[in-house]
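Read through the structure below, which is laid out as structure tokens, and then see the notes.
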Amino acid sequence: MLQARAIAYHTASPTAGRPLVPVALSRRVQRVKPSPTLAVTARAAKLKAEGKDIISLGAGEPDFNTPEHIAAAGIEAIRTGFTRYTTVDGIPELKDAIIAKFKRDNQLDYERAQILVSSGAKQTLYNLCMAVLDPGDEAVIPAPYWVSYPDMVMLADGLPVTPDCSAKQGYKLTPRQLEAAITPQTRLLLINSPCNPTGAAYTRAEWRALGDVLLEHPRVVIGTDDMYEHIFWGDEKFSSLLSVVPELYDRTVTINGISKAYAMTGWRIGYCGGPKEIVTAMTTIQGQSTSNASSISQKAAVAALNGDQQCVAEMNAQFKKRHDYIVAALNTLPGVTCLPASGAFYAWADVSGAMAALGCRDDNAFAERLINDAGVAVVAGSGFGAPGHMRISFACSMETLEKAVARIRGALERGVIAKTA
């Protein structure tokens with residue numbers, strides 16, 4: 001396939017007629033795969049453009065507009081000419097807003113040198129992997145996981161280790177699993193709470209138990225992804241690992257961003273707080289890749305973090321209503337089970353029974369069946385390290401969710417009838 005692509009490129013180039021030489025791509029890039037969430041979103045958009053009636057439940061993107069006071073700050077930045085390069089690691093005003101946020105929400109104390117602003121939390125995570133992993137180093141990533149974690153590790157020449165966290169344990173890593181996963185080669189733990197794709201969130205007691213294991217392994221750096229912190233309705237207040245186990249301060253990087261909570265996905269601002277040595281290394285990597293995040297977006301992020309947080313609460317209330325509906329509705333579908341979540345805006349459903357009833361060989365085939373027969377695009381669970389599942393984003397209107405469930409139900413019932421006829 002790689003050779004065929006290379007030949008096609010050369011044939012179409014000005015060098016046509018010369019001997020065809022395949023392009024030699026790096027082994028690094030050949031280890032990774034395109035993001036399945038982005039692929040599903042792109043395919044749904046393509047089918048819509050072709051005139052097909054498709055409901056896309058693949059994108060992890062709020063359907064709300066960016067709150068007006070935040071958008072106004074971005075517009076003001078343009079009008080006043082704040083459109084030039086900034087320092088690589090972020091403007092002081094935004095760093096101070098992030099420091100205040102960490103103190104206010106997480107009881108964490110940082111200085112400016114411990115803060116890095118990036119073009120989305122995805123870049124923050126990538127910077128972390130590149131900063132701490134050497135070839136052969138292992139990174140523990142509980143499965144189900146966000147699709148990009150293992151591939152970021154592999155791009156850094158590391159090896160993902162993915163303990164399976166089943167529905168029986170609430171899709172959460174246990175201390176025993178963590179202990180078993182750590183080897184002399186383990187260098188990094190990446191953990192996400194509330195989790196994309198499951199919506200599961202760790203309690204303070206669960207963080208404490210995991211922290212006690214990590215305290216016995218001082219070589220392991222921890223990256224906690226708190227992106228969905230404010231999209232949360234768990235039984236107890238949101239907590240992050242470091243706020244519960246402050247003894248891990250010198251080797252924990254706490255990662256967050258403005259994309260989800262403030263409906264600012266396109267603004268591309270992520271950030272982290274962590275040990276100065278690690279954050280400085282991450283800044284060096286960013287300085288040789290993208291340099292600073294958008295100056296305009298940084299000004300808007302200041303308004304988001306420092307401004308009235310009522311907009312966040314209002315969006316969270318809507319997500320909770322949608323969560324309650326979609327979880328209950330999915331559990332009425334034949335062959336589908338779905339646990340309630342504590343946060344994020346995804347329903348994580350076990351579809352193994354429905355797959356068997358339809359004769360689907362795997363969850364990718366099941367997702368293909370849904371988009372073809374129901375006109376509903378979902379993301380197959382295998383992309384998240386958990387075959388036999390599907391992820392449904394409920395970052396859309398209630399009307400859209402109701403229509404999608406009706407379509408899925410019809411496709412499942414028609415498929416079973418056709419199979420048994």
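Identifiers in this document derive from the order of the structure tokens: chains are assigned A, B, ..., residues are numbered from 1 separately in each chain, and ligands are numbered from 1 in order of occurrence.
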Name the residues of region 155-255 of chain A that come out as strand (DSSP E) in a backbone DSSP run; write them as a PDB file with C-alpha atoms, in the first residue's frame.
ATOM      1  CA  LEU A 159       5.377   0.877  24.063  1.00  0.00           C
ATOM      2  CA  PRO A 160       1.728   1.136  25.203  1.00  0.00           C
ATOM      3  CA  VAL A 161       0.654  -1.271  27.951  1.00  0.00           C
ATOM      4  CA  THR A 186       7.516   1.658  32.811  1.00  0.00           C
ATOM      5  CA  ARG A 187       8.062   5.386  32.510  1.00  0.00           C
ATOM      6  CA  LEU A 188       4.595   6.906  32.133  1.00  0.00           C
ATOM      7  CA  LEU A 189       0.984   6.462  33.237  1.00  0.00           C
ATOM      8  CA  LEU A 190      -1.706   8.259  31.213  1.00  0.00           C
ATOM      9  CA  ILE A 191      -5.086   8.334  32.915  1.00  0.00           C
ATOM     10  CA  ASN A 192      -8.278  10.218  32.025  1.00  0.00           C
ATOM     11  CA  VAL A 221       5.720   9.962  35.540  1.00  0.00           C
ATOM     12  CA  ILE A 222       1.940  10.501  35.668  1.00  0.00           C
ATOM     13  CA  GLY A 223      -0.126  12.428  33.154  1.00  0.00           C
ATOM     14  CA  THR A 224      -3.696  13.051  34.330  1.00  0.00           C
ATOM     15  CA  ASP A 225      -6.084  14.226  31.625  1.00  0.00           C
ATOM     16  CA  THR A 252       2.599  14.488  37.939  1.00  0.00           C
ATOM     17  CA  VAL A 253       1.547  16.641  34.993  1.00  0.00           C
ATOM     18  CA  THR A 254      -2.088  17.762  35.264  1.00  0.00           C
ATOM     19  CA  ILE A 255      -3.565  18.388  31.820  1.00  0.00           C
TER      20      ILE A 255
END
**Message:** With distances taken over only C-alpha atoms, which residue among A:Ile98, A:Ala374, A:Ala156, A:Cys396 lies nearest Ile54 (chain A)?
**Reply:** A:Ala374
**Request:** Please indicate the distance in Å from CA of Ala349 (chain A) to CA of Thr162 (chain A), rounded to one decimal place.
**Result:** 19.7 Å
**Request:** Considering only C-alpha atoms, return as a PyMOL selection string whatever protein or nucleic-acid residues lie within 8 Å of Ala73 (chain A), sequence-local ones (same chain, fewer than 6 positions apart) excluded.
**Result:** chain A and resi 299-300+303
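Residue nearest Gln30 (chain A) within the list A:Asp235, A:Asp324, A:Asp157, A:Glu277: A:Asp157 [criterion: smallest interatomic distance, only C-alpha atoms].
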**Request:** Fewer than 5 positions away in the same chain doesn't count, so skip those; otherwise give me all residues within 8 Å of Ala97 (chain A), counting only C-alpha atoms, as a PyMOL selection string.
**Result:** chain A and resi 302+305-306
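Those residues that approach Glu61 (chain A) to within 9 Å, counting only C-alpha atoms, are Gly58, Ala59, Asp63, Phe64, Ser259, Lys260, Ala263, Met264, Thr265, Phe345, Ser393, Ala395 and Cys396 of chain A; same-chain residues fewer than 2 positions away are not listed.
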**Surrounding residues of Leu155 (chain A) excluding itself and chain neighbours under 4 positions, 8 Å, only C-alpha atoms, as a PyMOL selection string** = chain A and resi 28-29+31-32+151
**Request:** Considering only C-alpha atoms, return as a VMD selection string whatever protein or nucleic-acid residues lie within 6 Å of region 200-214 of chain A, sequence-local ones (same chain, fewer than 2 positions apart) excluded.
**Result:** chain A and resid 175 193 to 195 198 216 to 217 241 341 to 342
**Message:** When you count only C-alpha atoms, which of these residues is closest to Pro197 (chain A): A:Arg219, A:Lys33, A:Lys172, A:Arg268?
**Reply:**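 The answer is A:Lys172, which sits nearest to Pro197 (chain A).
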**DSSP helix (DSSP H, G or I) residues within region 205-377 of chain A, as a ChimeraX atom specification** = /A:205-215,241-244,246-251,265-267,276-287,295-306,310-330,352-358,363-373
**Request:** Mind giving me the straight-line distance from CA of Ile55 (chain A) to CA of Thr400 (chain A) in Å, one decimal?
**Result:**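 Atom-to-atom, CA of Ile55 (chain A) and CA of Thr400 (chain A) are spaced 7.4 Å apart.
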**Request:** Tell me which of A:Ala380, A:Ala313, A:Asp137, A:Asp363 sits closest to Thr183 (chain A), counting only C-alpha atoms.
**Result:** A:Asp137
**Asked** Which one of A:Gly335, A:Arg112, A:Gly60, A:Phe232 sits closest to Trp146 (chain A) if you count only C-alpha atoms?
**Response**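 Closest to Trp146 (chain A) of all the choices is A:Gly60.
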**Request:** Pick out the closest residue to Ile99 (chain A) from this set: A:Gln114, A:Thr37, A:Gln288, A:Thr80. Count only C-alpha atoms.
**Result:**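 Of A:Gln114, A:Thr37, A:Gln288, A:Thr80, the one nearest Ile99 (chain A), counting only C-alpha atoms, is A:Gln114.
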